[in-house]
Amino acid sequence: MLACRGIQRGAWRPAAVCVRPFATETPTTAQVTPSPPPTSSEVGEPTTRPTPPKKTRASLHTAIILNRSPLLTRTPTPFERAFYAYQARIHRALHNPFPYDFYFKQGSPLETRFNIEERRRERKAFGAPFGTVKLEERDEATELMEMSLRDETDESMPRIHEADVKNDLKNLNRKGQRNLYAVLRTNENGKDVWRLPTGPVQKGELLHVSAIRRLGDECGRNMDTWLVSRNPIGVYYPPKLNVTEPEAKDVVFFYKAHILAGQLQPKQSRYQDFAWLTKGEIRRITDDEYWNGIKDMLSDF
Amino acid sequence: MSVAAAAASVAPAVRAFRKPPRIRKSLKYDQHGLPIPHVDIAIRDIAPCRLREHYYTTLQDDLMYMTYVHESGHRPPPRQIRLRFDPNDPYSKNRRNSPVGGDQLGRKPAPVSTPQTVVQLDGIVLHTMQKDAINNRSSLVGAIAAFRALSGETENGGGRSSRGGVEIVKGKKAVSGWVRPGLPLGCKVTLKGPKMYDFITTLTEFVFPRMREFNGIVLPPASSTMRTPSGVAGVVSFGLPPEAMGLFPQIEVNLDAYPKPIGFHVHFITNAEGAGAQNRARALLSGFQIPFARK
């Protein structure tokens with residue numbers, strides 16, 4: 001409104017500010033940006049003013065960074081494990097005395113069991129003289145409990161999935177410690193390239209609505225997803241996708257989404273293949289141009 | 001390569017520690033006859049922390065995208081609001097002199113969205129007030145014992161001077177016939193670091209799923225204003241009923257040992273501040289699987 005009032009007062013303001021359509025709408029022919037009034041330096045020049053170049057609207061695209069967040073905690077490095085083990089030993093050596101009477105009835109099987117397990121932990125932390133019982137102090141209850149404990153085995157789940165062994169790039173359980181991203185193989189200008197799911201924004205459509213539609217259109221409806229934000233998290237200007245209109249510029253807005261369940265089912269007609277890859281793996285299969293556009297939006301780990 | 005072989009190849013066992021060095025000089029002893037170590041011993045993390053890792057791998061990025069507010073250029077300086085009384089007048093010099101139109105407590109602007117201002121959890125405070133303690137201060141013992149079991153915190157625990165342990169909360173001012181200053185009324189404990197994340201894990205995996213008729217932490221109605229001091233502070237608070245105490249596994253094992261179940265307040269302290277801080281703090285907690293619901 002301010003700009004409109006400005007025009008009435010006589011000060012020059014571009015009319016386009018008043019009635020500028022949304023970026024997603026196509027411009028109407030009636031709105032022609034008025035050329036600015038000649039300034040003092042221009043007055044003396046010949047009157048054949050160059051016509052302003054025909055403005056073409058950028059064609060908007062949205063892309064989805066479909067993320068599978070880590071399922072496992074990171075495996076600690078040898079240094080970290082040594083550090084944790086050392087700190088745990090200090091912790092064990094200095095902890096307050098455990099109030100047995102508060103937690104167990106005297107001589108209950110639960111107490112016997114706890115004592116055995118505690119001795120084992122002690123022996124594991126500090127070595128043989130610790131956590132061992134003298135022969136004369138052993139009683140029958142302890143022996144019986146040790147017999148029953150012998151059958152119990154605690155096995156931790158493997159931290160490496162079968163998909164890692166088979167190198168199955170489509171399995172969502174691969175690389176449980178890393179952030180994975182969905183990439184699709186498509187044909188672009190006659191070349192086979194890997195791209196994040198991308199597509200054009202329709203006329204009059206909001207960007208985040210387009211991003212949600214993109215999930216269904218490009219990635220299939222066989223999954224539960226969550227779009228993190230209505231704000232795009234990044235932008236990329238691809239080098240001339242559209243060959244017929246050399247002036248037209250393409251803009252790709254990236255949105256982050258999480259996959260919660262299901263699996264990708266990209267359109268067979270547009271995409272030949274898909275894969276769940278880490279950032280480093282995406283680096284290996286994309287060209288430098290595209291990689292420089294997307295690398296800062298992906299998690300290193 | 002089998003799965004087991006692949007797993008083994010990734011995780012070599014931690015090597016046993018070397019033999020401790022030969023003792024050349026005996027340690028000094030304190031007045032209790034206990035040896036004084038020649039270094040300050042402080043216990044750091046003893047295991048990787050699952051929820052903290054979740055925050056740094058997933059939540060932090062998502063929260064930044066969710067709470068980002070785009071601003072172009074510099075912010076205009078804050079509007080100078082005239083004070084109610086002339087500050088140069090000797091009469092009003094050291095008196096309360098708030099700006100015209102009330103104080104601006106609930107109107108504090110949010111900090112500019114940067115990677116440094118992404119909301120993060122600083123600590124958790126558990127707090128309870130026991131009414132019986134006014135007449136009988138020994139009734140606090142049960143609450144203190146419960147808090148010690150819940151938090152695992154002790155004063156200067158692990159050689160960390162920042163650890164306060166379970167503290168007794170005393171009355172601040174006199175309420176006639178009820179509270180006197182210095183009267184012990186309740187207790188509180190502050191959790192930080194891995195223990196704070198362990199508490200959230202216990203809460204979301206053992207307590208909330210087993211609480212009856214619990215749909216989530218009840219939010220105030222949508223129409224209520226956020227321009228309150230609590231609305232612009234990143235502290236999310238809620239109360240747990242006495243029945244919830246028995247659902248914590250630390251207490252469940254010997255619930256009979258405690259005189260009576262106590263209810264307590266839980267305050268999640270985040271670094272969020274300014275307009276919308278309460279909502280940003282809730283978004284963070286929601287990422288830790290703490291449910292919120294409207295009535």
# chains A, B, ... in the order shown; residues from 1 in each chain; ligands from 1
call {"tool": "interface_residues", "arguments": {"of": "chain A", "to": "chain B", "cutoff": "6 Å", "atoms": "only C-alpha atoms", "output": "PyMOL selection string"}}
result
chain A and resi 84+87-88+160+229
call {"tool": "write_last_selection", "arguments": {"atoms": "N, CA, C and O atoms", "output": "mmCIF file, in the first residue's frame"}}
result
data_model
loop_
_atom_site.group_PDB
_atom_site.id
_atom_site.type_symbol
_atom_site.label_atom_id
_atom_site.label_comp_id
_atom_site.auth_asym_id
_atom_site.auth_seq_id
_atom_site.Cartn_x
_atom_site.Cartn_y
_atom_site.Cartn_z
ATOM 1 N N TYR A 84 36.117 -44.227 28.285
ATOM 2 C CA TYR A 84 34.914 -44.629 29.019
ATOM 3 C C TYR A 84 35.242 -45.716 30.036
ATOM 4 O O TYR A 84 34.755 -45.690 31.170
ATOM 5 N N GLN A 87 37.051 -44.129 32.966
ATOM 6 C CA GLN A 87 36.143 -43.356 33.821
ATOM 7 C C GLN A 87 35.224 -44.289 34.607
ATOM 8 O O GLN A 87 34.904 -44.029 35.763
ATOM 9 N N ALA A 88 34.795 -45.377 33.966
ATOM 10 C CA ALA A 88 33.908 -46.313 34.653
ATOM 11 C C ALA A 88 34.640 -46.989 35.807
ATOM 12 O O ALA A 88 34.044 -47.260 36.853
ATOM 13 N N ILE A 160 26.023 -54.514 12.826
ATOM 14 C CA ILE A 160 26.093 -54.475 11.362
ATOM 15 C C ILE A 160 24.951 -55.309 10.821
ATOM 16 O O ILE A 160 24.753 -56.457 11.221
ATOM 17 N N SER A 229 9.999 -28.773 7.849
ATOM 18 C CA SER A 229 9.744 -27.345 7.978
ATOM 19 C C SER A 229 9.055 -26.824 6.725
ATOM 20 O O SER A 229 9.180 -27.404 5.653
#
call {"tool": "residues_around", "arguments": {"residues": "segment 236-248 of chain B", "least_positions_apart": "5", "cutoff": "6 Å", "atoms": "only C-alpha atoms", "output": "list in words"}}
result
Val207, Pro261, Ile262, Gly263, Phe264, His265, Val266, His267 and Phe268 of chain B
call {"tool": "residues_around", "arguments": {"residues": "Leu264 of chain A", "least_positions_apart": "2", "cutoff": "8 Å", "atoms": "only C-alpha atoms", "output": "PDB file with C-alpha atoms, in the first residue's frame"}}
result
ATOM      1  CA  CYS A 219       8.879 -41.115  -4.058  1.00  0.00           C
ATOM      2  CA  GLY A 220       5.623 -43.064  -4.184  1.00  0.00           C
ATOM      3  CA  ASN A 222       4.222 -46.495   0.040  1.00  0.00           C
ATOM      4  CA  MET A 223       5.765 -44.691   3.029  1.00  0.00           C
ATOM      5  CA  GLY A 262       7.712 -47.884   4.333  1.00  0.00           C
ATOM      6  CA  PRO A 266       9.792 -44.053  -7.513  1.00  0.00           C
ATOM      7  CA  PHE A 274      17.020 -45.534  -6.307  1.00  0.00           C
TER       8      PHE A 274
END
call {"tool": "select_by_dssp", "arguments": {"residues": "segment 51-243 of chain A", "states": "alpha helix (DSSP H)", "output": "PyMOL selection string"}}
result
chain A and resi 78-94+100-103+109-126+140-150+162-166+207-219
call {"tool": "residues_around", "arguments": {"residues": "segment 121-130 of chain A", "least_positions_apart": "3", "cutoff": "12 Å", "atoms": "only C-alpha atoms", "output": "MDAnalysis selection string"}}
result
(chainID A and resid 84:93 114:118 133:134) or (chainID B and resid 14 16:20)
call {"tool": "residues_around", "arguments": {"residues": "Ile134 of chain B", "least_positions_apart": "5", "cutoff": "12 Å", "atoms": "only C-alpha atoms", "output": "tab-separated table (two decimals) with all heavy atoms, in the first residue's frame"}}
result
chain	number	residue	atom	x	y	z
B	129	MET	N	7.46	-30.05	47.05
B	129	MET	CA	7.20	-29.35	48.30
B	129	MET	C	6.31	-30.27	49.14
B	129	MET	O	5.29	-30.75	48.65
B	129	MET	CB	6.49	-28.02	48.02
B	129	MET	CG	6.26	-27.18	49.22
B	129	MET	SD	4.57	-27.32	49.77
B	129	MET	CE	4.55	-26.16	51.11
B	139	SER	N	9.66	-35.63	57.78
B	139	SER	CA	8.89	-36.21	56.67
B	139	SER	C	9.54	-35.90	55.31
B	139	SER	O	9.11	-36.42	54.29
B	139	SER	CB	7.46	-35.69	56.68
B	139	SER	OG	7.45	-34.34	56.34
B	140	LEU	N	10.57	-35.05	55.33
B	140	LEU	CA	11.30	-34.77	54.08
B	140	LEU	C	12.24	-35.91	53.70
B	140	LEU	O	12.68	-36.00	52.56
B	140	LEU	CB	12.12	-33.49	54.23
B	140	LEU	CG	11.46	-32.18	53.87
B	140	LEU	CD1	12.45	-31.06	54.04
B	140	LEU	CD2	10.96	-32.22	52.45
B	169	VAL	N	14.94	-27.23	50.09
B	169	VAL	CA	14.40	-25.91	49.77
B	169	VAL	C	13.75	-25.36	51.03
B	169	VAL	O	12.93	-26.03	51.65
B	169	VAL	CB	13.38	-25.99	48.64
B	169	VAL	CG1	12.84	-24.62	48.31
B	169	VAL	CG2	14.00	-26.62	47.41
B	170	LYS	N	14.13	-24.14	51.39
B	170	LYS	CA	13.60	-23.54	52.61
B	170	LYS	C	12.68	-22.39	52.28
B	170	LYS	O	12.78	-21.80	51.20
B	170	LYS	CB	14.76	-23.05	53.48
B	170	LYS	CG	15.59	-24.21	53.99
B	170	LYS	CD	16.77	-23.77	54.76
B	170	LYS	CE	17.51	-25.00	55.28
B	170	LYS	NZ	18.75	-24.65	55.92
B	171	GLY	N	11.79	-22.08	53.23
B	171	GLY	CA	10.85	-20.97	53.05
B	171	GLY	C	11.60	-19.67	52.89
B	171	GLY	O	12.64	-19.46	53.51
B	175	VAL	N	4.64	-16.42	55.87
B	175	VAL	CA	3.21	-16.40	55.62
B	175	VAL	C	2.58	-16.74	56.97
B	175	VAL	O	2.87	-17.80	57.52
B	175	VAL	CB	2.81	-17.41	54.55
B	175	VAL	CG1	1.31	-17.41	54.33
B	175	VAL	CG2	3.55	-17.16	53.26
B	177	GLY	N	1.09	-17.97	60.20
B	177	GLY	CA	0.49	-19.24	60.59
B	177	GLY	C	0.87	-20.39	59.68
B	177	GLY	O	0.29	-21.47	59.77
B	178	TRP	N	1.82	-20.18	58.77
B	178	TRP	CA	2.12	-21.27	57.84
B	178	TRP	C	3.62	-21.45	57.63
B	178	TRP	O	4.22	-22.39	58.12
B	178	TRP	CB	1.40	-21.00	56.50
B	178	TRP	CG	1.44	-22.14	55.56
B	178	TRP	CD1	1.36	-23.46	55.88
B	178	TRP	CD2	1.57	-22.06	54.16
B	178	TRP	NE1	1.42	-24.22	54.76
B	178	TRP	CE2	1.55	-23.38	53.67
B	178	TRP	CE3	1.70	-21.01	53.25
B	178	TRP	CZ2	1.66	-23.68	52.33
B	178	TRP	CZ3	1.79	-21.30	51.92
B	178	TRP	CH2	1.77	-22.63	51.45
B	179	VAL	N	4.23	-20.48	56.93
B	179	VAL	CA	5.65	-20.62	56.57
B	179	VAL	C	6.45	-19.53	57.27
B	179	VAL	O	5.99	-18.40	57.39
B	179	VAL	CB	5.82	-20.49	55.05
B	179	VAL	CG1	7.28	-20.60	54.68
B	179	VAL	CG2	5.03	-21.54	54.34
B	180	ARG	N	7.64	-19.92	57.73
B	180	ARG	CA	8.58	-18.94	58.25
B	180	ARG	C	9.83	-18.99	57.38
B	180	ARG	O	10.13	-20.04	56.80
B	180	ARG	CB	8.95	-19.27	59.69
B	180	ARG	CG	7.80	-19.15	60.66
B	180	ARG	CD	8.31	-19.32	62.09
B	180	ARG	NE	9.11	-20.53	62.26
B	180	ARG	CZ	8.58	-21.74	62.45
B	180	ARG	NH1	7.27	-21.90	62.43
B	180	ARG	NH2	9.36	-22.80	62.61
B	181	PRO	N	10.58	-17.88	57.29
B	181	PRO	CA	11.83	-17.94	56.52
B	181	PRO	C	12.78	-18.95	57.13
B	181	PRO	O	12.90	-19.03	58.35
B	181	PRO	CB	12.39	-16.52	56.63
B	181	PRO	CG	11.27	-15.67	57.09
B	181	PRO	CD	10.32	-16.54	57.82
B	182	GLY	N	13.40	-19.74	56.27
B	182	GLY	CA	14.37	-20.73	56.74
B	182	GLY	C	13.75	-22.05	57.15
B	182	GLY	O	14.46	-22.96	57.56
B	183	LEU	N	12.45	-22.18	57.02
B	183	LEU	CA	11.78	-23.43	57.39
B	183	LEU	C	11.91	-24.43	56.23
B	183	LEU	O	11.50	-24.12	55.11
B	183	LEU	CB	10.31	-23.14	57.65
B	183	LEU	CG	9.48	-24.26	58.27
B	183	LEU	CD1	9.90	-24.47	59.72
B	183	LEU	CD2	8.01	-23.93	58.19
B	184	PRO	N	12.49	-25.62	56.45
B	184	PRO	CA	12.61	-26.56	55.33
B	184	PRO	C	11.23	-27.03	54.85
B	184	PRO	O	10.40	-27.46	55.65
B	184	PRO	CB	13.42	-27.71	55.91
B	184	PRO	CG	13.40	-27.55	57.37
B	184	PRO	CD	13.08	-26.13	57.68
B	185	LEU	N	10.98	-26.91	53.56
B	185	LEU	CA	9.66	-27.19	53.00
B	185	LEU	C	9.68	-28.28	51.95
B	185	LEU	O	8.69	-28.95	51.72
B	185	LEU	CB	9.11	-25.92	52.33
B	185	LEU	CG	8.69	-24.79	53.23
B	185	LEU	CD1	8.32	-23.61	52.38
B	185	LEU	CD2	7.53	-25.23	54.07
B	186	GLY	N	10.77	-28.42	51.27
B	186	GLY	CA	10.80	-29.39	50.17
B	186	GLY	C	12.22	-29.66	49.76
B	186	GLY	O	13.16	-29.26	50.45
call {"tool": "atom_distance", "arguments": {"atom1": "atom CA of Leu60 of chain A", "atom2": "atom CA of Phe253 of chain A"}}
result
7.7 Å
call {"tool": "closest_residue", "arguments": {"among": "A:Ala275, A:Met147, A:Ala261, A:Val201", "to": "Ala58 of chain A", "atoms": "only C-alpha atoms"}}
result
A:Val201
call {"tool": "atom_distance", "arguments": {"atom1": "atom CA of Pro232 of chain A", "atom2": "atom CA of Thr56 of chain A"}}
result
22.9 Å
call {"tool": "closest_residue", "arguments": {"among": "A:Gly176, A:Pro200, A:Gly131, A:Pro109", "to": "Ser69 of chain A", "atoms": "only C-alpha atoms"}}
result
A:Gly176
call {"tool": "residues_around", "arguments": {"residues": "Tyr255 of chain A", "least_positions_apart": "4", "cutoff": "7 Å", "atoms": "only C-alpha atoms", "output": "MDAnalysis selection string"}}
result
chainID A and resid 63:65 211 232:233
